[in-house]
>>> print(open('work-v4.cif').read())   # mmCIF, C-alpha atoms
data_final
loop_
_atom_site.label_atom_id
_atom_site.label_comp_id
_atom_site.auth_asym_id
_atom_site.auth_seq_id
_atom_site.Cartn_x
_atom_site.Cartn_y
_atom_site.Cartn_z
CA MET A 1083 -67.90 -108.32 -28.85
CA ALA A 1084 -67.82 -104.60 -28.14
CA ALA A 1085 -67.00 -103.53 -24.61
CA THR A 1086 -69.85 -102.27 -22.46
CA PRO A 1087 -69.55 -98.47 -22.21
CA SER A 1088 -69.00 -96.93 -18.80
CA ARG A 1089 -71.96 -94.97 -17.45
CA THR A 1090 -69.92 -93.18 -14.77
CA PRO A 1091 -69.56 -89.44 -15.42
CA GLN A 1092 -65.98 -88.55 -16.31
CA PRO A 1093 -64.15 -85.23 -15.83
CA LEU A 1094 -64.13 -83.04 -18.92
CA PRO A 1095 -60.82 -82.00 -20.54
CA LEU A 1096 -59.18 -78.99 -18.92
CA SER A 1097 -59.74 -76.95 -22.08
CA THR A 1098 -63.48 -76.86 -21.44
CA PRO A 1099 -65.30 -74.73 -18.83
CA ALA A 1100 -64.89 -76.22 -15.37
CA SER A 1101 -68.33 -75.39 -13.98
CA ILE A 1102 -71.94 -74.79 -14.87
CA ALA A 1103 -71.52 -71.14 -13.92
CA GLN A 1104 -68.60 -70.69 -16.33
CA ARG A 1105 -70.27 -72.47 -19.19
CA CYS A 1106 -73.81 -71.15 -18.86
CA LEU A 1107 -73.13 -67.75 -17.25
CA VAL A 1108 -75.68 -68.39 -14.50
CA PRO A 1109 -75.21 -68.34 -10.70
CA VAL A 1110 -75.35 -72.12 -10.35
CA GLU A 1111 -72.59 -73.98 -8.51
CA GLY A 1112 -71.60 -77.38 -9.81
CA GLY A 1113 -68.98 -79.09 -11.92
CA LEU A 1114 -69.38 -80.53 -15.39
CA THR A 1115 -69.27 -84.23 -16.20
CA SER A 1116 -69.62 -86.44 -19.24
CA PHE A 1117 -71.56 -89.63 -19.87
CA ALA A 1118 -69.73 -92.18 -22.00
CA GLY A 1119 -71.73 -93.87 -24.76
CA PRO A 1120 -70.84 -96.52 -27.33
CA GLU A 1121 -68.19 -96.12 -30.02
CA GLY A 1122 -66.43 -93.36 -28.11
CA SER A 1123 -69.52 -91.14 -27.88
CA THR A 1124 -69.67 -88.52 -25.14
CA MET A 1125 -72.72 -86.71 -23.82
CA THR A 1126 -71.62 -83.75 -21.71
CA GLY A 1127 -73.65 -82.69 -18.71
CA ALA A 1128 -73.84 -82.10 -14.98
CA VAL A 1129 -75.46 -83.66 -11.91
CA LEU A 1130 -76.91 -81.51 -9.12
CA GLY A 1131 -78.23 -82.80 -5.81
CA ASP A 1132 -78.24 -86.31 -4.41
CA GLY A 1133 -81.88 -87.28 -3.97
CA ALA A 1134 -83.29 -90.70 -4.82
CA ASP A 1135 -85.92 -89.02 -7.05
CA VAL A 1136 -84.11 -88.14 -10.26
CA ALA A 1137 -85.09 -85.70 -13.00
CA VAL A 1138 -83.35 -86.22 -16.33
CA LEU A 1139 -83.66 -82.85 -18.07
CA LEU A 1140 -83.57 -82.93 -21.87
CA HIS A 1141 -83.16 -79.51 -23.47
CA GLN A 1142 -84.93 -77.78 -26.31
CA THR A 1143 -83.21 -76.73 -29.54
CA SER A 1144 -80.38 -74.53 -28.32
CA ALA A 1145 -76.75 -74.15 -29.29
CA ALA A 1146 -76.05 -73.82 -25.55
CA GLY A 1147 -77.43 -77.29 -24.92
CA PHE A 1148 -78.57 -77.87 -21.35
CA CYS A 1149 -77.93 -74.32 -20.09
CA GLY A 1150 -81.56 -73.21 -20.24
CA PHE A 1151 -82.42 -75.86 -17.63
CA ALA A 1152 -79.51 -75.04 -15.30
CA THR A 1153 -81.33 -72.76 -12.85
CA TYR A 1154 -84.35 -75.07 -12.69
CA ALA A 1155 -82.03 -78.02 -12.02
CA ASP A 1156 -80.43 -76.05 -9.20
CA TRP A 1157 -83.84 -75.23 -7.73
CA VAL A 1158 -85.20 -78.78 -7.79
CA ALA A 1159 -81.90 -80.02 -6.35
CA SER A 1160 -82.48 -77.70 -3.39
CA LYS A 1161 -85.85 -79.45 -2.93
CA GLY A 1162 -84.35 -82.93 -2.61
CA VAL A 1163 -84.26 -83.99 -6.26
CA ARG A 1164 -81.16 -85.14 -8.12
CA ALA A 1165 -81.13 -83.29 -11.45
CA VAL A 1166 -79.26 -84.64 -14.46
CA LEU A 1167 -78.41 -82.06 -17.12
CA VAL A 1168 -77.16 -83.31 -20.48
CA ASP A 1169 -76.33 -82.21 -24.00
CA LEU A 1170 -78.20 -84.45 -26.41
CA CYS A 1171 -76.18 -85.73 -29.34
CA GLY A 1172 -75.60 -82.99 -31.88
CA TRP A 1173 -76.07 -80.17 -29.36
CA GLY A 1174 -73.99 -78.27 -26.85
CA ARG A 1175 -70.63 -79.97 -26.33
CA SER A 1176 -71.69 -83.54 -27.00
CA ALA A 1177 -69.56 -85.65 -29.36
CA CYS A 1178 -71.53 -88.68 -30.52
CA LYS A 1179 -70.58 -91.29 -33.10
CA GLY A 1180 -72.17 -94.05 -35.13
CA GLY A 1181 -75.76 -95.11 -34.71
CA PHE A 1182 -75.90 -93.74 -31.17
CA ALA A 1183 -75.78 -90.19 -32.56
CA ALA A 1184 -79.20 -90.62 -34.16
CA ASP A 1185 -80.78 -92.94 -31.59
CA ALA A 1186 -82.77 -90.80 -29.15
CA GLU A 1187 -84.02 -93.81 -27.23
CA ALA A 1188 -80.48 -95.08 -26.64
CA GLN A 1189 -79.39 -91.64 -25.44
CA VAL A 1190 -82.23 -91.41 -22.93
CA ARG A 1191 -81.70 -95.00 -21.79
CA LEU A 1192 -78.03 -94.27 -21.09
CA LEU A 1193 -79.08 -91.55 -18.66
CA VAL A 1194 -81.91 -93.51 -17.06
CA ASP A 1195 -79.62 -96.50 -16.55
CA TRP A 1196 -76.92 -94.26 -15.06
CA ALA A 1197 -79.45 -92.86 -12.58
CA ARG A 1198 -80.57 -96.33 -11.50
CA GLU A 1199 -76.98 -97.50 -11.13
CA HIS A 1200 -76.40 -94.54 -8.83
CA GLY A 1201 -79.26 -95.16 -6.43
CA ALA A 1202 -82.31 -93.65 -8.12
CA ARG A 1203 -85.64 -94.68 -6.63
CA ARG A 1204 -87.65 -92.97 -9.36
CA VAL A 1205 -86.49 -91.50 -12.69
CA THR A 1206 -88.62 -88.88 -14.44
CA VAL A 1207 -87.68 -87.59 -17.86
CA VAL A 1208 -88.48 -83.85 -17.94
CA ASP A 1209 -88.05 -82.20 -21.28
CA ALA A 1210 -88.73 -79.04 -23.25
CA SER A 1211 -89.80 -78.57 -26.88
CA MET A 1212 -87.56 -80.90 -28.93
CA GLY A 1213 -86.69 -82.71 -25.71
CA GLY A 1214 -90.38 -82.93 -24.85
CA ALA A 1215 -91.12 -84.74 -28.07
CA ILE A 1216 -88.27 -87.12 -27.28
CA ALA A 1217 -89.53 -87.67 -23.71
CA LEU A 1218 -93.01 -88.67 -24.81
CA GLY A 1219 -91.76 -90.51 -27.88
CA VAL A 1220 -89.19 -92.77 -26.21
CA GLY A 1221 -89.11 -92.01 -22.45
CA GLN A 1222 -91.08 -95.04 -21.28
CA ARG A 1223 -89.30 -97.39 -23.69
CA ALA A 1224 -86.00 -96.06 -22.33
CA GLY A 1225 -87.04 -97.09 -18.81
CA ALA A 1226 -88.36 -93.85 -17.26
CA ASP A 1227 -90.85 -94.10 -14.41
CA ALA A 1228 -92.70 -90.94 -15.49
CA VAL A 1229 -92.66 -88.42 -18.33
CA VAL A 1230 -93.01 -84.63 -18.34
CA ASP A 1231 -93.37 -82.96 -21.75
CA LEU A 1232 -93.10 -79.16 -21.88
CA SER A 1233 -94.24 -77.90 -25.28
CA GLY A 1234 -93.02 -80.90 -27.20
CA PRO A 1235 -94.19 -80.80 -30.84
CA ALA A 1236 -96.74 -83.44 -31.78
CA VAL A 1237 -94.46 -84.58 -34.60
CA TRP A 1238 -90.65 -84.77 -34.49
CA GLN A 1239 -88.40 -86.44 -36.99
CA GLY A 1240 -87.10 -89.87 -36.09
CA ILE A 1241 -89.38 -90.64 -33.14
CA PRO A 1242 -93.02 -91.75 -32.73
CA THR A 1243 -95.60 -88.98 -32.93
CA ALA A 1244 -97.26 -87.81 -29.72
CA GLY A 1245 -100.41 -89.70 -30.67
CA GLU A 1246 -98.55 -92.92 -31.40
CA ALA A 1247 -96.42 -92.75 -28.27
CA ALA A 1248 -99.25 -91.77 -25.93
CA LYS A 1249 -101.28 -94.84 -26.88
CA GLU A 1250 -98.49 -96.96 -25.36
CA THR A 1251 -97.74 -94.72 -22.37
CA THR A 1252 -98.70 -96.36 -19.09
CA VAL A 1253 -96.31 -94.42 -16.82
CA PRO A 1254 -97.49 -91.11 -15.32
CA LEU A 1255 -97.65 -88.44 -18.02
CA LEU A 1256 -97.71 -84.65 -17.57
CA LEU A 1257 -97.89 -82.50 -20.69
CA ALA A 1258 -98.02 -78.69 -20.75
CA VAL A 1259 -98.37 -76.38 -23.73
CA ALA A 1260 -99.73 -72.90 -24.41
CA PRO A 1261 -102.85 -72.79 -26.61
CA GLY A 1262 -101.17 -70.19 -28.82
CA ASP A 1263 -98.13 -72.38 -29.44
CA ARG A 1264 -99.57 -73.46 -32.77
CA GLY A 1265 -96.40 -75.02 -34.13
CA MET A 1266 -96.66 -77.65 -31.40
CA ASP A 1267 -100.28 -78.52 -32.33
CA PRO A 1268 -101.91 -78.19 -28.85
CA PRO A 1269 -105.17 -79.95 -29.89
CA ALA A 1270 -103.22 -83.01 -31.01
CA LEU A 1271 -101.23 -83.00 -27.76
CA ARG A 1272 -104.41 -82.74 -25.66
CA ALA A 1273 -105.90 -85.64 -27.60
CA ALA A 1274 -102.73 -87.67 -27.09
CA VAL A 1275 -102.90 -87.27 -23.32
CA LYS A 1276 -106.57 -88.18 -23.31
CA ALA A 1277 -105.82 -91.36 -25.26
CA ALA A 1278 -102.94 -92.46 -23.02
CA PRO A 1279 -103.75 -95.51 -20.87
CA ALA A 1280 -101.68 -94.10 -17.99
CA GLN A 1281 -103.46 -94.16 -14.63
CA HIS A 1282 -101.99 -90.76 -13.80
CA LYS A 1283 -102.04 -88.22 -16.59
CA ARG A 1284 -102.52 -84.50 -16.82
CA PHE A 1285 -102.74 -81.93 -19.60
CA ILE A 1286 -101.98 -78.32 -18.61
CA SER A 1287 -102.91 -75.44 -20.88
CA THR A 1288 -100.52 -72.67 -19.87
CA LYS A 1289 -101.02 -68.94 -20.32
CA GLY A 1290 -98.08 -68.53 -22.66
CA SER A 1291 -94.36 -69.05 -23.28
CA HIS A 1292 -92.70 -72.16 -24.62
CA GLY A 1293 -90.62 -75.01 -23.25
CA TRP A 1294 -88.42 -74.21 -20.28
CA ASP A 1295 -89.52 -70.56 -20.38
CA MET A 1296 -92.83 -71.72 -18.91
CA LEU A 1297 -91.05 -72.64 -15.67
CA GLY A 1298 -89.31 -69.41 -14.70
CA GLY A 1299 -90.73 -66.73 -16.94
CA GLY A 1300 -87.78 -66.95 -19.31
CA ALA A 1301 -85.31 -65.66 -16.71
CA LEU A 1302 -82.09 -67.60 -16.24
CA THR A 1303 -80.51 -65.60 -13.41
CA GLU A 1304 -83.44 -64.57 -11.18
CA PRO A 1305 -86.39 -66.74 -12.20
CA VAL A 1306 -89.78 -66.52 -10.53
CA TRP A 1307 -90.95 -70.10 -10.48
CA SER A 1308 -94.40 -70.59 -11.97
CA PRO A 1309 -97.16 -72.88 -10.70
CA LEU A 1310 -96.11 -75.24 -13.51
CA ALA A 1311 -92.57 -75.38 -12.10
CA HIS A 1312 -94.05 -76.58 -8.79
CA ASP A 1313 -96.31 -79.07 -10.59
CA VAL A 1314 -93.30 -80.55 -12.38
CA LEU A 1315 -91.38 -80.80 -9.09
CA ALA A 1316 -94.31 -82.67 -7.53
CA TRP A 1317 -94.46 -85.02 -10.52
CA VAL A 1318 -90.74 -85.79 -10.22
CA LYS A 1319 -91.27 -86.64 -6.55
CA GLY A 1320 -94.09 -89.02 -7.41
CA ASP A 1321 -96.94 -86.82 -6.22
CA TYR A 1322 -99.58 -87.27 -8.91
CA ARG A 1323 -102.54 -86.15 -6.84
CA THR A 1324 -102.98 -83.05 -8.98
CA GLY A 1325 -103.46 -85.21 -12.06
#
>>> encode(input="work-v4.cif", output="C-alpha cells")
Amino acid sequence: MAATPSRTPQPLPLSTPASIAQRCLVPVEGGLTSFAGPEGSTMTGAVLGDGADVAVLLHQTSAAGFCGFATYADWVASKGVRAVLVDLCGWGRSACKGGFAADAEAQVRLLVDWAREHGARRVTVVDASMGGAIALGVGQRAGADAVVDLSGPAVWQGIPTAGEAAKETTVPLLLAVAPGDRGMDPPALRAAVKAAPAQHKRFISTKGSHGWDMLGGGALTEPVWSPLAHDVLAWVKGDYRTG
C-alpha cells in the first residue's frame, strides 16, 4: 500500500528563490513552500496570513504560475484571511508525476485538505480563467465550502463544463466575467449560475478585463482594488448577503 503523502508545506531547495518577492518581483513579504502530493509530486506555493477563513487561489494560464495572485493574496491576508498560493501541475515550478499530474480534482483536494488540517473554518476556492474553470468544475467535489470563478471558460479540457458542474453546485457560487470576454462564453456562464441549486449564488458582469486583472486593474505592484476584489473578499469570509 502506498504511503499517505504529507500535506505539510516543505522548504524549497536553496537553488530556488527564497521569497515571493524574489520569485514574482512584487513587494510582497513571505517565504515559499511546497505541498507534497502522491508519487513524489510537488506543488510549489506560499501561504500568507493565519485566518480561519482560507482562500485557495488557483492561477490562470501563466508561465509564472501563482505570481499574478500574489498582491491580492497579500491584501486579503491583511484583512484576516489565510491565502494559499499554488502552482498547479504543469505550471510555475510544480513537479507532478503520474495520474496526479492530470487530476485537477486531486490537486484541489490536496490544498483543501491541507487547509482543514491547519485549522481552516471555511475554505473558498478562488480562481482565474483556467483556474476558474477548475474551481467550478471540481471545487465542490474537492471539498471546498464556496467557489469563486473569475472569467473561467465555460468549457475546459478534462473537467466538467460550467453547465454540467453548476447543476451539481450547492455551495455558494460567485462567478464574474466581462460581457466582451467572448472566448469564455459569458451567456453560457450566466445560464450556469442561474441553473445552480446553490442557495447563495451571484453572477457579476464586469466592465472589462479578464481573470485576476479584474481585481486590481492589472497592476501587480500598486493595484487599486476594484469593487469585485471586495466582493470576493466578502465571499471568502462567508458574507453572501450581496448575492
>>> resolve_selection(input="work-v4.cif", expression="the PyMOL selection byres ((chain A and resi 1274) around 9)", output="number ranges by chain")
A: 1236, 1244-1249, 1269-1273, 1275-1278
>>> atom_distance(input="work-v4.cif", atom1="atom CA of A:Gln1189", atom2="atom CA of A:Leu1255")
20.0 Å
>>> closest_residue(input="work-v4.cif", among="A:Glu1304, A:Asp1209, A:Asp1263, A:Glu1187", to="A:Leu1140", atoms="all atoms listed in the file")
A:Asp1209
>>> closest_residue(input="work-v4.cif", among="A:Phe1148, A:Tyr1322, A:Phe1117, A:Trp1196", to="A:Gly1174", atoms="all atoms listed in the file")
A:Phe1148
>>> atom_distance(input="work-v4.cif", atom1="atom CA of A:Ala1217", atom2="atom CA of A:Thr1251")
10.9 Å
>>> atom_distance(input="work-v4.cif", atom1="atom CA of A:Phe1151", atom2="atom CA of A:Arg1164")
13.3 Å
>>> resolve_selection(input="work-v4.cif", expression="the PyMOL selection byres ((chain A and resi 1323) around 12)", output="VMD selection string")
chain A and resid 1254 1256 1281 to 1284 1313 1316 to 1317 1319 to 1322 1324 to 1325
>>> axis_aligned_box(input="work-v4.cif", around="stretch 1130-1141 of chain A", padding_each_side="4 Å", output="lines of an AutoDock Vina configuration file")
center_x = -81.4
center_y = -85.1
center_z = -13.7
size_x = 17.0
size_y = 19.2
size_z = 27.5
>>> resolve_selection(input="work-v4.cif", expression="the PyMOL selection byres ((chain A and resi 1122-1130) around 8)", output="VMD selection string")
chain A and resid 1102 1112 to 1121 1131 to 1132 1148 1155 to 1156 1159 1164 to 1171 1174 to 1179 1182 to 1183
>>> closest_residue(input="work-v4.cif", among="A:Gly1225, A:Gly1213, A:Gly1262, A:Gly1300", to="A:Ile1241", atoms="all atoms listed in the file")
A:Gly1213
>>> residues_around(input="work-v4.cif", residues="A:Cys1106", least_positions_apart="6", cutoff="10 Å", atoms="all atoms listed in the file", output="PyMOL selection string")
chain A and resi 1099+1146-1153+1302
>>> residues_near_point(input="work-v4.cif", point="(-85.8, -96.6, -23.0)", cutoff="10 Å", atoms="only C-alpha atoms", output="list in words")
Ala1186, Glu1187, Ala1188, Gln1189, Val1190, Arg1191, Leu1192, Leu1193, Val1194, Asp1195, Ala1217, Gly1219, Val1220, Gly1221, Gln1222, Arg1223, Ala1224, Gly1225 and Ala1226 of chain A
>>> closest_residue(input="work-v4.cif", among="A:Gln1142, A:Ser1233, A:Ser1211, A:Thr1206", to="A:Val1318", atoms="all atoms listed in the file")
A:Thr1206
>>> decode(input="work-v4.cif", residues="stretch 1119-1134 of chain A", atoms="N, CA, C and O atoms", output="PDB file, in the first residue's frame")
ATOM      1  N   GLY A1119       2.517  15.882  -2.979  1.00  0.00           N
ATOM      2  CA  GLY A1119       1.458  15.034  -3.486  1.00  0.00           C
ATOM      3  C   GLY A1119       1.938  13.612  -3.652  1.00  0.00           C
ATOM      4  O   GLY A1119       3.059  13.269  -3.269  1.00  0.00           O
ATOM      5  N   PRO A1120       1.122  12.750  -4.238  1.00  0.00           N
ATOM      6  CA  PRO A1120       1.492  11.342  -4.399  1.00  0.00           C
ATOM      7  C   PRO A1120       2.595  11.149  -5.437  1.00  0.00           C
ATOM      8  O   PRO A1120       2.818  11.998  -6.293  1.00  0.00           O
ATOM      9  N   GLU A1121       3.263  10.019  -5.326  1.00  0.00           N
ATOM     10  CA  GLU A1121       4.293   9.608  -6.290  1.00  0.00           C
ATOM     11  C   GLU A1121       5.429  10.625  -6.420  1.00  0.00           C
ATOM     12  O   GLU A1121       6.026  10.774  -7.487  1.00  0.00           O
ATOM     13  N   GLY A1122       5.708  11.329  -5.343  1.00  0.00           N
ATOM     14  CA  GLY A1122       6.791  12.297  -5.385  1.00  0.00           C
ATOM     15  C   GLY A1122       6.432  13.619  -6.025  1.00  0.00           C
ATOM     16  O   GLY A1122       7.315  14.438  -6.303  1.00  0.00           O
ATOM     17  N   SER A1123       5.158  13.877  -6.249  1.00  0.00           N
ATOM     18  CA  SER A1123       4.727  15.141  -6.857  1.00  0.00           C
ATOM     19  C   SER A1123       4.920  16.301  -5.880  1.00  0.00           C
ATOM     20  O   SER A1123       4.808  16.132  -4.665  1.00  0.00           O
ATOM     21  N   THR A1124       5.199  17.470  -6.429  1.00  0.00           N
ATOM     22  CA  THR A1124       5.361  18.672  -5.620  1.00  0.00           C
ATOM     23  C   THR A1124       4.634  19.829  -6.277  1.00  0.00           C
ATOM     24  O   THR A1124       4.846  20.128  -7.447  1.00  0.00           O
ATOM     25  N   MET A1125       3.752  20.461  -5.517  1.00  0.00           N
ATOM     26  CA  MET A1125       3.099  21.690  -5.958  1.00  0.00           C
ATOM     27  C   MET A1125       3.696  22.834  -5.150  1.00  0.00           C
ATOM     28  O   MET A1125       3.559  22.875  -3.932  1.00  0.00           O
ATOM     29  N   THR A1126       4.414  23.726  -5.808  1.00  0.00           N
ATOM     30  CA  THR A1126       5.053  24.831  -5.114  1.00  0.00           C
ATOM     31  C   THR A1126       4.039  25.928  -4.823  1.00  0.00           C
ATOM     32  O   THR A1126       3.047  26.091  -5.531  1.00  0.00           O
ATOM     33  N   GLY A1127       4.299  26.705  -3.773  1.00  0.00           N
ATOM     34  CA  GLY A1127       3.345  27.747  -3.425  1.00  0.00           C
ATOM     35  C   GLY A1127       3.804  28.589  -2.262  1.00  0.00           C
ATOM     36  O   GLY A1127       4.991  28.653  -1.944  1.00  0.00           O
ATOM     37  N   ALA A1128       2.846  29.231  -1.615  1.00  0.00           N
ATOM     38  CA  ALA A1128       3.119  30.084  -0.465  1.00  0.00           C
ATOM     39  C   ALA A1128       1.833  30.233   0.333  1.00  0.00           C
ATOM     40  O   ALA A1128       0.732  30.081  -0.208  1.00  0.00           O
ATOM     41  N   VAL A1129       1.976  30.529   1.620  1.00  0.00           N
ATOM     42  CA  VAL A1129       0.823  30.748   2.494  1.00  0.00           C
ATOM     43  C   VAL A1129       1.016  32.087   3.195  1.00  0.00           C
ATOM     44  O   VAL A1129       2.043  32.321   3.838  1.00  0.00           O
ATOM     45  N   LEU A1130       0.024  32.962   3.068  1.00  0.00           N
ATOM     46  CA  LEU A1130       0.069  34.285   3.683  1.00  0.00           C
ATOM     47  C   LEU A1130      -1.085  34.424   4.666  1.00  0.00           C
ATOM     48  O   LEU A1130      -2.212  34.022   4.371  1.00  0.00           O
ATOM     49  N   GLY A1131      -0.821  34.998   5.821  1.00  0.00           N
ATOM     50  CA  GLY A1131      -1.867  35.199   6.806  1.00  0.00           C
ATOM     51  C   GLY A1131      -2.131  33.948   7.624  1.00  0.00           C
ATOM     52  O   GLY A1131      -1.598  32.872   7.353  1.00  0.00           O
ATOM     53  N   ASP A1132      -2.986  34.101   8.640  1.00  0.00           N
ATOM     54  CA  ASP A1132      -3.269  32.973   9.528  1.00  0.00           C
ATOM     55  C   ASP A1132      -4.736  32.895   9.936  1.00  0.00           C
ATOM     56  O   ASP A1132      -5.076  32.327  10.968  1.00  0.00           O
ATOM     57  N   GLY A1133      -5.613  33.467   9.134  1.00  0.00           N
ATOM     58  CA  GLY A1133      -7.030  33.445   9.461  1.00  0.00           C
ATOM     59  C   GLY A1133      -7.653  32.074   9.310  1.00  0.00           C
ATOM     60  O   GLY A1133      -7.124  31.193   8.625  1.00  0.00           O
ATOM     61  N   ALA A1134      -8.800  31.876   9.948  1.00  0.00           N
ATOM     62  CA  ALA A1134      -9.529  30.613   9.842  1.00  0.00           C
ATOM     63  C   ALA A1134     -10.341  30.529   8.555  1.00  0.00           C
ATOM     64  O   ALA A1134     -10.781  29.447   8.168  1.00  0.00           O
TER      65      ALA A1134
END
